[in-house]
$ cat start20.cif   # mmCIF, C-alpha atoms
data_query
loop_
_atom_site.label_atom_id
_atom_site.label_comp_id
_atom_site.auth_asym_id
_atom_site.auth_seq_id
_atom_site.Cartn_x
_atom_site.Cartn_y
_atom_site.Cartn_z
CA MET L 18 -121.09 30.01 -14.25
CA PRO L 19 -121.58 27.88 -17.39
CA SER L 20 -118.57 26.26 -19.01
CA GLN L 21 -116.85 27.89 -21.94
CA ALA L 22 -117.38 26.84 -25.53
CA HIS L 23 -115.18 23.95 -26.69
CA ARG L 24 -113.66 26.12 -29.44
CA LEU L 25 -111.86 28.16 -26.78
CA ASN L 26 -110.03 25.07 -25.54
CA ASN L 27 -107.88 25.07 -28.68
CA LEU L 28 -107.50 28.84 -28.90
CA PRO L 29 -104.21 30.09 -27.40
CA PRO L 30 -104.07 33.57 -25.87
CA TYR L 31 -103.29 36.32 -28.35
CA VAL L 32 -99.60 37.10 -27.97
CA PHE L 33 -99.92 40.88 -27.70
CA SER L 34 -102.65 40.55 -25.09
CA VAL L 35 -100.28 38.48 -22.94
CA ILE L 36 -97.38 40.88 -23.50
CA GLY L 37 -99.63 43.84 -22.73
CA ASP L 38 -100.71 42.31 -19.43
CA ARG L 39 -97.08 41.84 -18.35
CA ILE L 40 -96.18 45.40 -19.32
CA ARG L 41 -99.16 46.83 -17.40
CA LYS L 42 -97.99 45.02 -14.28
CA MET L 43 -94.48 46.42 -14.71
CA LYS L 44 -95.83 49.93 -15.19
CA LYS L 45 -97.96 49.62 -12.05
CA ASN L 46 -94.70 48.95 -10.23
CA GLY L 47 -93.18 52.13 -11.66
CA ILE L 48 -91.15 50.47 -14.44
CA ASP L 49 -91.24 52.12 -17.88
CA VAL L 50 -91.11 49.73 -20.82
CA TYR L 51 -90.11 50.52 -24.40
CA ARG L 52 -92.41 48.65 -26.78
CA LEU L 53 -90.66 47.35 -29.87
CA ASP L 54 -93.05 44.41 -30.09
CA ILE L 55 -96.19 45.87 -31.63
CA GLY L 56 -96.70 47.23 -35.15
CA ASN L 57 -98.45 50.43 -34.11
CA PRO L 58 -97.45 53.40 -36.32
CA ASP L 59 -96.28 56.30 -34.17
CA LEU L 60 -96.79 58.91 -36.90
CA PRO L 61 -100.22 60.42 -37.68
CA PRO L 62 -102.01 60.33 -41.02
CA PRO L 63 -101.85 63.44 -43.20
CA GLN L 64 -103.56 66.46 -41.66
CA HIS L 65 -106.20 66.70 -44.36
CA VAL L 66 -107.31 63.14 -43.57
CA ILE L 67 -107.96 64.18 -39.99
CA GLU L 68 -109.74 67.30 -41.20
CA ALA L 69 -111.95 65.21 -43.49
CA LEU L 70 -113.04 63.18 -40.47
CA CYS L 71 -113.76 66.32 -38.44
CA ASP L 72 -115.65 68.07 -41.23
CA SER L 73 -117.79 65.01 -41.84
CA ALA L 74 -118.48 64.54 -38.13
CA HIS L 75 -119.80 68.11 -37.92
CA ALA L 76 -122.32 67.45 -40.67
CA PRO L 77 -125.81 66.68 -39.29
CA HIS L 78 -126.52 63.83 -41.73
CA THR L 79 -123.46 61.60 -41.09
CA HIS L 80 -124.43 59.98 -37.78
CA GLY L 81 -126.73 57.18 -38.86
CA TYR L 82 -126.10 53.71 -40.21
CA THR L 83 -124.10 53.53 -43.42
CA GLY L 84 -125.33 50.15 -44.67
CA TYR L 85 -123.69 46.74 -44.60
CA ARG L 86 -121.72 47.37 -47.79
CA GLY L 87 -120.53 50.75 -46.55
CA LYS L 88 -120.57 54.11 -48.25
CA ALA L 89 -120.76 53.90 -52.06
CA ALA L 90 -118.30 56.79 -52.52
CA PHE L 91 -115.73 54.93 -50.42
CA ARG L 92 -116.11 51.73 -52.45
CA GLN L 93 -115.72 53.76 -55.62
CA ALA L 94 -112.56 55.40 -54.27
CA VAL L 95 -111.09 51.96 -53.48
CA ALA L 96 -111.92 50.69 -56.98
CA GLN L 97 -110.33 53.79 -58.52
CA HIS L 98 -107.24 53.30 -56.35
CA TYR L 99 -106.83 49.70 -57.53
CA GLN L 100 -107.22 50.80 -61.15
CA GLN L 101 -104.62 53.55 -60.83
CA ARG L 102 -102.19 51.70 -58.56
CA TYR L 103 -102.36 48.18 -59.99
CA GLY L 104 -104.31 48.34 -63.24
CA VAL L 105 -106.95 46.07 -61.66
CA THR L 106 -110.62 46.68 -62.53
CA LEU L 107 -113.09 46.19 -59.67
CA ASN L 108 -116.86 46.57 -59.58
CA PRO L 109 -117.35 48.79 -56.52
CA ASP L 110 -120.82 47.34 -55.89
CA THR L 111 -119.89 43.66 -55.90
CA GLN L 112 -116.11 43.35 -55.54
CA VAL L 113 -115.33 45.85 -52.77
CA LEU L 114 -116.39 45.42 -49.13
CA PRO L 115 -115.30 47.69 -46.26
CA LEU L 116 -113.99 45.98 -43.12
CA LEU L 117 -113.46 47.00 -39.51
CA GLY L 118 -109.75 46.57 -40.12
CA SER L 119 -108.40 43.62 -42.09
CA LYS L 120 -108.07 41.47 -38.93
CA GLU L 121 -111.84 41.33 -38.68
CA GLY L 122 -112.03 40.22 -42.30
CA ILE L 123 -109.51 37.44 -41.72
CA ILE L 124 -111.54 35.89 -38.92
CA ASN L 125 -114.92 36.36 -40.57
CA LEU L 126 -113.71 34.91 -43.88
CA SER L 127 -112.63 31.78 -42.04
CA LEU L 128 -116.08 31.54 -40.45
CA ALA L 129 -117.65 31.98 -43.89
CA TYR L 130 -115.67 29.19 -45.57
CA LEU L 131 -114.48 26.70 -42.98
CA ASP L 132 -116.35 24.00 -41.07
CA GLN L 133 -115.17 21.20 -38.84
CA GLY L 134 -113.03 18.87 -40.95
CA ASP L 135 -112.09 21.57 -43.48
CA LEU L 136 -108.50 22.64 -44.07
CA ALA L 137 -106.75 26.00 -44.27
CA LEU L 138 -103.19 26.26 -45.58
CA VAL L 139 -101.24 28.78 -43.48
CA PRO L 140 -97.62 29.97 -43.69
CA ASP L 141 -95.54 28.48 -40.88
CA ILE L 142 -94.39 32.03 -40.15
CA GLY L 143 -97.31 34.43 -40.30
CA TYR L 144 -99.89 36.66 -38.70
CA PRO L 145 -101.55 34.59 -35.92
CA SER L 146 -105.10 35.40 -37.05
CA TYR L 147 -104.81 33.11 -40.09
CA GLN L 148 -104.52 30.18 -37.72
CA MET L 149 -106.93 31.58 -35.11
CA GLY L 150 -109.72 32.07 -37.64
CA ALA L 151 -109.51 28.44 -38.69
CA ILE L 152 -109.49 27.27 -35.07
CA LEU L 153 -112.56 29.37 -34.24
CA ALA L 154 -114.31 27.82 -37.23
CA GLY L 155 -113.44 24.31 -36.00
CA ALA L 156 -111.25 23.62 -39.03
CA SER L 157 -107.76 22.17 -39.32
CA VAL L 158 -104.57 24.06 -40.11
CA GLU L 159 -101.57 22.75 -42.01
CA TYR L 160 -98.44 24.85 -42.21
CA ILE L 161 -96.55 25.64 -45.39
CA PRO L 162 -92.83 26.38 -44.91
CA MET L 163 -91.12 29.75 -45.29
CA ARG L 164 -87.34 29.61 -44.99
CA ALA L 165 -84.60 32.20 -44.66
CA GLU L 166 -82.55 30.61 -47.46
CA SER L 167 -85.47 31.26 -49.83
CA ASN L 168 -85.96 34.85 -48.61
CA PHE L 169 -89.05 33.71 -46.71
CA GLU L 170 -91.05 33.13 -49.87
CA LEU L 171 -93.85 30.66 -49.21
CA ASP L 172 -92.77 27.27 -50.59
CA LEU L 173 -95.67 26.47 -52.91
CA ASP L 174 -93.88 23.33 -54.11
CA ALA L 175 -94.02 21.93 -50.57
CA ILE L 176 -97.83 21.75 -50.65
CA SER L 177 -98.77 18.12 -51.15
CA LEU L 178 -101.45 16.87 -53.52
CA ASP L 179 -103.42 15.61 -50.51
CA GLN L 180 -103.34 19.10 -48.98
CA LEU L 181 -104.40 20.68 -52.26
CA GLN L 182 -107.35 18.32 -52.58
CA LYS L 183 -108.58 19.07 -49.04
CA ALA L 184 -107.85 22.78 -48.63
CA LYS L 185 -110.37 25.58 -49.02
CA LEU L 186 -108.12 28.57 -48.25
CA LEU L 187 -104.46 29.41 -48.88
CA TRP L 188 -103.13 32.48 -47.03
CA VAL L 189 -100.30 34.63 -48.39
CA ASN L 190 -98.93 37.92 -47.05
CA TYR L 191 -96.35 40.19 -48.73
CA PRO L 192 -94.75 42.52 -47.77
CA ASN L 193 -94.63 40.03 -44.96
CA ASN L 194 -95.45 40.27 -41.30
CA PRO L 195 -93.28 39.36 -39.44
CA THR L 196 -90.28 38.72 -41.71
CA GLY L 197 -90.37 41.84 -43.91
CA ALA L 198 -89.96 39.62 -46.98
CA VAL L 199 -91.25 40.79 -50.36
CA VAL L 200 -92.21 39.03 -53.59
CA ASN L 201 -92.74 39.90 -57.24
CA ILE L 202 -95.80 39.27 -59.38
CA ASP L 203 -94.50 35.89 -60.57
CA PHE L 204 -95.06 34.47 -57.08
CA TYR L 205 -98.71 35.50 -57.17
CA GLU L 206 -99.07 34.08 -60.67
CA ARG L 207 -97.82 30.68 -59.52
CA ALA L 208 -100.04 30.78 -56.42
CA ALA L 209 -103.09 31.84 -58.45
CA THR L 210 -102.58 29.02 -60.98
CA LEU L 211 -102.16 26.47 -58.20
CA CYS L 212 -105.31 27.59 -56.37
CA ALA L 213 -107.44 27.85 -59.51
CA SER L 214 -106.54 24.29 -60.54
CA HIS L 215 -107.65 22.91 -57.15
CA ASP L 216 -110.62 25.22 -56.40
CA ILE L 217 -108.89 26.89 -53.45
CA LEU L 218 -109.51 30.51 -52.53
CA LEU L 219 -106.20 32.38 -52.57
CA VAL L 220 -106.37 35.02 -49.83
CA SER L 221 -103.77 37.79 -49.97
CA ASP L 222 -103.41 39.78 -46.77
CA ASN L 223 -101.85 43.00 -48.03
CA PRO L 224 -101.81 45.66 -45.26
CA TYR L 225 -98.17 46.69 -45.83
CA ASN L 226 -98.39 47.35 -49.57
CA GLU L 227 -97.35 50.99 -49.12
CA VAL L 228 -94.71 50.39 -46.42
CA VAL L 229 -91.76 49.76 -48.74
CA PHE L 230 -88.14 50.87 -49.14
CA ASP L 231 -85.18 50.76 -51.52
CA GLU L 232 -87.29 51.58 -54.61
CA TYR L 233 -89.33 48.39 -54.24
CA THR L 234 -92.98 48.61 -55.34
CA ALA L 235 -95.33 45.99 -53.94
CA PRO L 236 -97.69 44.25 -56.38
CA SER L 237 -101.25 43.13 -55.67
CA ALA L 238 -102.18 39.47 -55.88
CA LEU L 239 -105.19 40.54 -57.97
CA GLN L 240 -102.84 41.41 -60.82
CA ALA L 241 -102.20 37.68 -61.26
CA ASP L 242 -105.80 36.76 -62.14
CA THR L 243 -107.94 39.37 -63.85
CA GLU L 244 -111.01 37.11 -63.62
CA LEU L 245 -110.71 37.20 -59.80
CA ASN L 246 -112.67 33.97 -59.46
CA ASN L 247 -110.43 32.36 -56.83
CA MET L 248 -108.87 35.48 -55.39
CA LEU L 249 -109.55 37.77 -52.46
CA GLU L 250 -107.27 40.47 -51.06
CA PHE L 251 -107.42 42.43 -47.83
CA MET L 252 -106.02 45.95 -47.79
CA SER L 253 -105.85 48.10 -44.69
CA PHE L 254 -105.43 51.77 -43.87
CA SER L 255 -103.80 50.88 -40.54
CA LYS L 256 -100.20 50.63 -41.67
CA SER L 257 -100.31 52.16 -45.15
CA TYR L 258 -101.95 55.39 -44.00
CA ASN L 259 -101.01 55.49 -40.27
CA MET L 260 -104.64 54.87 -39.30
CA ALA L 261 -104.35 51.80 -37.05
CA GLY L 262 -106.88 52.96 -34.46
CA TRP L 263 -109.41 53.99 -37.11
CA ARG L 264 -110.05 50.31 -37.96
CA LEU L 265 -110.61 50.77 -41.66
CA GLY L 266 -109.88 47.97 -44.09
CA VAL L 267 -111.29 46.56 -47.32
CA ALA L 268 -111.81 43.18 -48.96
CA VAL L 269 -111.49 43.22 -52.76
CA GLY L 270 -111.69 40.53 -55.41
CA SER L 271 -114.08 37.63 -56.05
CA ALA L 272 -117.70 38.78 -55.90
CA GLU L 273 -118.70 35.32 -54.63
CA ALA L 274 -116.18 35.48 -51.80
CA ILE L 275 -117.32 39.03 -50.97
CA ASP L 276 -120.92 37.81 -50.67
CA LYS L 277 -119.94 34.95 -48.36
CA LEU L 278 -117.90 37.31 -46.18
CA LEU L 279 -120.80 39.76 -46.08
CA SER L 280 -123.14 36.98 -44.91
CA VAL L 281 -121.08 36.73 -41.74
CA LYS L 282 -120.31 40.43 -41.34
CA SER L 283 -123.93 41.54 -41.67
CA ASN L 284 -124.72 39.40 -38.61
CA VAL L 285 -121.76 40.69 -36.62
CA ASP L 286 -121.40 44.44 -37.22
CA SER L 287 -123.26 47.36 -38.77
CA GLY L 288 -120.46 49.11 -40.64
CA HIS L 289 -118.38 52.19 -39.97
CA PHE L 290 -119.17 55.68 -38.78
CA GLU L 291 -119.55 57.67 -42.01
CA PRO L 292 -116.76 60.18 -41.21
CA VAL L 293 -114.30 57.27 -41.11
CA TYR L 294 -115.25 56.42 -44.69
CA ASP L 295 -114.83 60.07 -45.66
CA ALA L 296 -111.37 60.10 -44.10
CA GLY L 297 -110.52 56.93 -46.04
CA ILE L 298 -111.60 58.62 -49.27
CA ALA L 299 -109.35 61.56 -48.44
CA ALA L 300 -106.42 59.21 -47.76
CA LEU L 301 -106.81 57.48 -51.13
CA LYS L 302 -107.29 60.67 -53.11
CA THR L 303 -104.39 62.62 -51.61
CA ASP L 304 -101.02 62.99 -53.28
CA GLN L 305 -99.30 59.74 -52.37
CA ALA L 306 -95.86 61.39 -52.32
CA TRP L 307 -96.11 61.77 -48.54
CA LEU L 308 -95.72 57.98 -48.31
CA THR L 309 -92.13 58.30 -49.54
CA GLU L 310 -91.33 60.75 -46.74
CA ARG L 311 -92.96 58.48 -44.16
CA ASN L 312 -91.17 55.41 -45.49
CA ASN L 313 -87.82 57.25 -45.34
CA VAL L 314 -88.40 57.64 -41.61
CA TYR L 315 -88.98 53.90 -41.30
CA LYS L 316 -85.96 53.18 -43.48
CA GLY L 317 -83.74 55.25 -41.19
CA ARG L 318 -84.99 53.31 -38.19
CA ARG L 319 -84.52 50.00 -40.02
CA ASP L 320 -80.90 50.84 -40.82
CA LYS L 321 -80.20 52.02 -37.27
CA ILE L 322 -81.54 48.77 -35.79
CA LEU L 323 -79.62 46.65 -38.29
CA ASP L 324 -76.39 48.41 -37.26
CA ILE L 325 -77.07 47.64 -33.61
CA LEU L 326 -78.06 43.97 -33.95
CA PRO L 327 -74.50 42.53 -33.74
CA LYS L 328 -74.11 44.28 -30.38
CA ILE L 329 -77.22 42.65 -28.90
CA GLY L 330 -76.86 39.04 -30.04
CA LEU L 331 -79.08 39.17 -33.12
CA GLU L 332 -78.64 38.96 -36.89
CA ALA L 333 -80.96 39.85 -39.76
CA HIS L 334 -81.03 40.53 -43.48
CA LYS L 335 -82.06 43.91 -44.83
CA THR L 336 -85.59 43.70 -46.22
CA SER L 337 -87.53 46.09 -48.42
CA GLY L 338 -91.01 46.06 -46.92
CA SER L 339 -93.33 45.99 -43.90
CA LEU L 340 -92.89 47.58 -40.50
CA TYR L 341 -90.53 45.02 -38.96
CA ILE L 342 -87.10 43.52 -38.63
CA TRP L 343 -87.03 39.74 -38.28
CA ALA L 344 -83.89 38.76 -36.43
CA ARG L 345 -82.34 35.42 -35.49
CA VAL L 346 -81.28 34.96 -31.86
CA LEU L 347 -77.68 33.77 -31.80
CA GLU L 348 -76.73 32.66 -28.30
CA CYS L 349 -79.82 31.54 -26.39
CA SER L 350 -83.41 30.50 -26.89
CA GLU L 351 -85.76 33.07 -28.35
CA ARG L 352 -88.01 32.90 -25.28
CA ASP L 353 -85.10 33.51 -22.89
CA TYR L 354 -83.98 36.44 -25.00
CA VAL L 355 -87.42 38.04 -25.04
CA THR L 356 -87.95 37.47 -21.31
CA ASN L 357 -84.56 38.85 -20.31
CA ALA L 358 -84.85 41.84 -22.63
CA LEU L 359 -88.15 42.74 -20.98
CA GLU L 360 -87.16 42.10 -17.38
CA GLN L 361 -83.57 43.39 -17.48
CA ALA L 362 -83.56 45.97 -20.28
CA CYS L 363 -87.22 47.03 -20.01
CA VAL L 364 -87.64 46.53 -23.76
CA SER L 365 -90.50 44.45 -25.14
CA ILE L 366 -89.75 42.43 -28.30
CA ALA L 367 -92.12 39.96 -29.96
CA PRO L 368 -91.13 36.27 -29.81
CA GLY L 369 -90.88 34.60 -33.19
CA SER L 370 -92.72 31.46 -32.14
CA ALA L 371 -95.86 33.55 -31.70
CA TYR L 372 -96.02 33.66 -35.51
CA GLY L 373 -96.00 29.91 -36.04
CA PRO L 374 -93.67 26.92 -35.76
CA GLY L 375 -91.25 28.34 -38.35
CA GLY L 376 -90.66 31.39 -36.16
CA GLU L 377 -88.82 29.49 -33.43
CA GLY L 378 -85.45 31.09 -32.77
CA PHE L 379 -86.37 34.53 -34.12
CA VAL L 380 -87.69 37.79 -32.73
CA ARG L 381 -89.65 40.61 -34.37
CA ILE L 382 -88.74 44.26 -33.84
CA SER L 383 -91.13 47.04 -34.88
CA LEU L 384 -90.16 50.22 -36.69
CA GLY L 385 -93.27 52.03 -35.47
CA VAL L 386 -91.52 53.66 -32.52
CA ALA L 387 -90.67 57.34 -32.11
CA ASP L 388 -86.98 58.05 -32.77
CA HIS L 389 -86.15 59.15 -29.23
CA GLN L 390 -87.83 56.06 -27.77
CA LEU L 391 -86.07 53.78 -30.25
CA GLU L 392 -82.71 55.34 -29.35
CA ALA L 393 -83.36 54.79 -25.64
CA ALA L 394 -84.58 51.23 -26.19
CA LEU L 395 -81.52 50.28 -28.25
CA ASN L 396 -79.19 51.78 -25.63
CA ASN L 397 -80.94 49.74 -22.94
CA LEU L 398 -80.53 46.57 -25.01
CA ILE L 399 -76.83 47.24 -25.56
CA ASP L 400 -76.22 47.92 -21.86
CA TRP L 401 -78.12 44.77 -20.89
CA TYR L 402 -76.56 42.44 -23.44
CA GLN L 403 -72.97 43.60 -22.96
CA ARG L 404 -72.91 43.46 -19.16
#

$ encode --input "start20.cif" --output "structure tokens"
Amino acid sequence: MPSQAHRLNNLPPYVFSVIGDRIRKMKKNGIDVYRLDIGNPDLPPPQHVIEALCDSAHAPHTHGYTGYRGKAAFRQAVAQHYQQRYGVTLNPDTQVLPLLGSKEGIINLSLAYLDQGDLALVPDIGYPSYQMGAILAGASVEYIPMRAESNFELDLDAISLDQLQKAKLLWVNYPNNPTGAVVNIDFYERAATLCASHDILLVSDNPYNEVVFDEYTAPSALQADTELNNMLEFMSFSKSYNMAGWRLGVAVGSAEAIDKLLSVKSNVDSGHFEPVYDAGIAALKTDQAWLTERNNVYKGRRDKILDILPKIGLEAHKTSGSLYIWARVLECSERDYVTNALEQACVSIAPGSAYGPGGEGFVRISLGVADHQLEAALNNLIDWYQR
């Protein structure tokens, strides 16, 4: 057997793959585990979205290739959505590119921009793929701090001049995974100005833009720079429209960045099944009022978990976005807490350090769990912690 590529030597295992392997072993031994670790929406998309998929799949002409830029009607629907939702004008032919979920776009964008010796600026608490993409490309990563006392807003002032002169990409993500933090448009304006002045591509990962509570409305980074020259945003149907398994996402923004991303993608995949695009069109064109009802379900779960945290050795602030609660572990190490919760309470929680060096001492709890399972999981945690 030949040896593995050197790039894999620096690539740590993906945290949810490791957790999943442990849970499968427990289940093989007859142990049921409640999964509060993974952001997998438990609720379905609207019924008419599913029907759009089915109707399209029954059509005889929808089973061939859809082209590397995807279906034109889908790109047009995305551009119309950005115009109506954010007041941002996009050319659907040059500034909109469908993705196989935004995770794919994150990795492929890194491959498109980064070489050995290049630098990506990554939040020190963030989605692991920002770091992993840079590692796969052979580039370096430098972490930018996010702190609880600043409501986990990325500290742009902490980026040194040396970092700004070397960096090609700066990653931002709000509503934030894993902290649930949110920002206003002034944050994006400051980030856009900083990146434009140093020829850095500002990449906004925005999959939770419609998972919001407490009357908060999430902005788009594209609102901060109408020229879109140094700006790219990823949106995803996974969390916003309960379509995680459908793997439908979109890159929008700089036409130059879209072309570079497409150069990689066109050598890696051949686009979506057309009915998935048709379902995405249906999701964007439906009355968005159903999102409020869905988010009220998440809000109820958020509040229930926050009430329980003092009983299970955790503390957290109430946040207004994303699918998670980010909680500080009070009486032991984060790794011990996660291990004991899994082995003794049969509840899987994500360790904070999996999201970067700033996550040490925290855990992430998902709201994407059916109410009866969440109730049982919280009861197990209380029984375990208060023994």

$ closest_residue --input "start20.cif" --among "L:Asp216, L:Leu249, L:Asn397, L:Tyr85" --to "Asn284 in chain L" --atoms "all atoms listed in the file"
L:Tyr85

$ residues_around --input "start20.cif" --residues "Leu384 in chain L" --least-positions-apart "4" --cutoff "10 Å" --atoms "only C-alpha atoms" --output "list of chain:residue names"
L:Leu53, L:Asp54, L:Ile55, L:Gly56, L:Asn57, L:Pro58, L:Asp59, L:Val314, L:Tyr315, L:Lys316, L:Gly317, L:Arg318, L:Arg319, L:Ile322, L:Ser339, L:Leu340, L:Tyr341, L:Ile342, L:Asp388, L:Leu391

$ atom_distance --input "start20.cif" --atom1 "CA of Ile176 in chain L" --atom2 "CA of Met163 in chain L"
11.7 Å

$ resolve_selection --input "start20.cif" --expression "the PyMOL selection byres ((chain L and resi 245) around 10)" --output "ChimeraX atom specification"
/L:105-107,112,209,213,218-219,238-244,246-250,269-274

$ residues_around --input "start20.cif" --residues "Lys302 in chain L" --least-positions-apart "2" --cutoff "12 Å" --atoms "all atoms listed in the file" --output "list of chain:residue names"
L:Pro63, L:His65, L:Val66, L:Ala69, L:Ala90, L:Phe91, L:Gln93, L:Ala94, L:Val95, L:Ala96, L:Gln97, L:His98, L:Tyr99, L:Gln101, L:Arg102, L:Tyr258, L:Asp295, L:Ala296, L:Gly297, L:Ile298, L:Ala299, L:Ala300, L:Asp304, L:Gln305, L:Ala306

$ resolve_selection --input "start20.cif" --expression "the PyMOL selection byres ((chain L and resi 345) around 9)" --output "ChimeraX atom specification"
/L:330-333,343-344,346-347,351,369,378-380

$ closest_residue --input "start20.cif" --among "L:Ser177, L:Arg381, L:Ile142, L:Ile329" --to "Pro162 in chain L" --atoms "all atoms listed in the file"
L:Ile142

$ atom_distance --input "start20.cif" --atom1 "CA of Leu25 in chain L" --atom2 "CA of Pro140 in chain L"
22.2 Å

$ atom_distance --input "start20.cif" --atom1 "CA of Leu265 in chain L" --atom2 "CA of Glu121 in chain L"
10.0 Å

$ residues_near_point --input "start20.cif" --point "(-107.6, 46.0, -34.3)" --cutoff "9 Å" --atoms "only C-alpha atoms" --output "JSON, numbers by chain"
{"L": [117, 118, 119, 120, 121, 255, 261, 262, 263, 264]}

$ closest_residue --input "start20.cif" --among "L:Arg164, L:Trp307, L:Pro77, L:Ile217" --to "Leu136 in chain L" --atoms "only C-alpha atoms"
L:Ile217

$ residues_near_point --input "start20.cif" --point "(-98.5, 46.8, -21.2)" --cutoff "12 Å" --atoms "only C-alpha atoms" --output "VMD selection string"
chain L and resid 32 to 46 48 to 55 359 363 to 365

$ write_last_selection --input "start20.cif" --atoms "C-alpha atoms" --output "compact mmCIF listing (two decimals), in the frame of the given file"
# COMPACT_ATOMS: atom_id res chain seq x y z
CA VAL L 32 -99.60 37.10 -27.97
CA PHE L 33 -99.92 40.88 -27.70
CA SER L 34 -102.65 40.55 -25.09
CA VAL L 35 -100.28 38.48 -22.94
CA ILE L 36 -97.38 40.88 -23.50
CA GLY L 37 -99.63 43.84 -22.73
CA ASP L 38 -100.71 42.31 -19.43
CA ARG L 39 -97.08 41.84 -18.35
CA ILE L 40 -96.18 45.40 -19.32
CA ARG L 41 -99.16 46.83 -17.40
CA LYS L 42 -97.99 45.02 -14.28
CA MET L 43 -94.48 46.42 -14.71
CA LYS L 44 -95.83 49.93 -15.19
CA LYS L 45 -97.96 49.62 -12.05
CA ASN L 46 -94.70 48.95 -10.23
CA ILE L 48 -91.15 50.47 -14.44
CA ASP L 49 -91.24 52.12 -17.88
CA VAL L 50 -91.11 49.73 -20.82
CA TYR L 51 -90.11 50.52 -24.40
CA ARG L 52 -92.41 48.65 -26.78
CA LEU L 53 -90.66 47.35 -29.87
CA ASP L 54 -93.05 44.41 -30.09
CA ILE L 55 -96.19 45.87 -31.63
CA LEU L 359 -88.15 42.74 -20.98
CA CYS L 363 -87.22 47.03 -20.01
CA VAL L 364 -87.64 46.53 -23.76
CA SER L 365 -90.50 44.45 -25.14

$ axis_aligned_box --input "start20.cif" --around "range 293-309 of chain L" --padding-each-side "4 Å" --output "AutoDock Vina command-line options"
--center_x -103.7 --center_y 59.7 --center_z -47.2 --size_x 31.1 --size_y 14.6 --size_z 20.2
